[in-house]
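A.B. asks: I have a structure here, written as structure tokens, and I will follow up with some questions on it.
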Amino acid sequence: LRVKSAERLVEEVRVLTERHGRRYLGWVDPCFNAHPRVPAELAERLLREGLRVEQSAWVRSDCLVRDAASGALALCVESGLNEIYLGIERPDEAGLTTLHKTSALGHAREALRILRGSFPDVLTVGSFIYGLPGDTPATMRAIHRQAMELRLDQTFYIPLTPLPGTALWSPDLWDPSGRAFRRFSFLPSYRPHDGLTVLERALLTSFLLDWPASRVRTYLGSFFAANARRRRISRRLCWRGGWHLLHRLLGLRLAATDQGGLLFPAWYES
């Protein structure tokens, strides 16, 4: 979005929807709305061309607040944006600084307040990162409580992963066979060798035992939402999340060597 004009994007959307029959678009650029004009221009052109298509996008929460004030967010929703991903990441300022985040927790709170109040049909998904130096089981409980307080429709938790190109990457993480790097995961894996087992078990325990009123209200609001799509997705994700939790608990109980997580596939080395 930062390098392409709105006009070119519209033509690409036309090809995807009319020639290839795509009915849903996912904008995976984590700065979809970083530019103050391009998303609104794209939405305006889509509406003008009669190309309303459902969309999801990773957005910056501070820019979402800005776009709500300018009217750009309303245009995006009108053109089909119905699922928003927010990288909230941490409940503590120190953690956000370590991750070089420029969007503050206050921005996320305000963005979600706007979405609940003005755009209740938009599904909200938030991500959190754990595994920073100094993280403890108490940190995991705080992250989970923060997620519940924000009343997200869905939350996922990502272990800190030293991807190539990030400050945490080191060439010695890549062994000649490539197998060592495949041990990293984008989701909790509960494997003893990655040093995160204590943190992930604390997260599992919080999932199982921590049920404040805000969590109950969020589930009820999502399960019985007026919007059929949001209601259907929330119920489906709850079912899948419950199965995952049960599977993990049984694995720990049986001391299984389950790999778990979302692991890097073998072809990643190529």
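If you're wondering about the labels, chains in the structure tokens are A, B, ... by order shown, residues count from 1 in each chain, ligands from 1 in order shown.
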Find the spatial neighbours of region 147-154 of chain A, counting only C-alpha atoms, within a cut-off of 6 Å - ignore same-chain residues fewer than 2 positions away - and output them as a PyMOL selection string.
C.D. replies: chain A and resi 124-125+144-145+215+218
A.B. asks: Keeping N, CA and C atoms, export the residues of the selection given above as a short mmCIF file (atom, residue, chain, number, x, y, z; two decimals), in the first residue's frame.
C.D. replies:
```cif
data_model
loop_
_atom_site.label_atom_id
_atom_site.label_comp_id
_atom_site.auth_asym_id
_atom_site.auth_seq_id
_atom_site.Cartn_x
_atom_site.Cartn_y
_atom_site.Cartn_z
N THR A 124 -12.73 -8.15 15.60
CA THR A 124 -11.45 -7.64 16.08
C THR A 124 -10.57 -8.77 16.60
N VAL A 125 -9.32 -8.79 16.14
CA VAL A 125 -8.35 -9.81 16.52
C VAL A 125 -7.09 -9.10 17.00
N HIS A 144 -2.72 -12.15 29.53
CA HIS A 144 -4.05 -12.71 29.34
C HIS A 144 -5.13 -11.79 29.91
N ARG A 145 -4.87 -11.21 31.07
CA ARG A 145 -5.84 -10.27 31.65
C ARG A 145 -6.03 -9.05 30.76
N ARG A 215 -14.42 -11.24 30.55
CA ARG A 215 -14.28 -12.36 29.63
C ARG A 215 -15.64 -12.96 29.29
N THR A 218 -17.45 -10.65 26.90
CA THR A 218 -16.90 -10.69 25.56
C THR A 218 -17.41 -11.91 24.80
#
```
A.B. asks: Could you tell me, as a PyMOL selection string, which residues of region 38-250 of chain A DSSP assigns to alpha helix (DSSP H) when given the backbone?
C.D. replies: chain A and resi 38-48+61-70+72-78+93-98+105-118+137-150+197-209+213-223+228-250
A.B. asks: Set the distance at 7 Å and use only C-alpha atoms: which residues neighbour region 75-84 of chain A once local chain neighbours fewer than 5 positions away are removed? I'd like the list as a PyMOL selection string.
C.D. replies: chain A and resi 39-40+43-44+46-47+52-59+121-125
A.B. asks: Would you work out the distance separating CA of Gly95 (chain A) from CA of Ala69 (chain A), expressed in Å to one decimal?
C.D. replies: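 We find that CA of Gly95 (chain A) and CA of Ala69 (chain A) lie 28.6 Å from each other.
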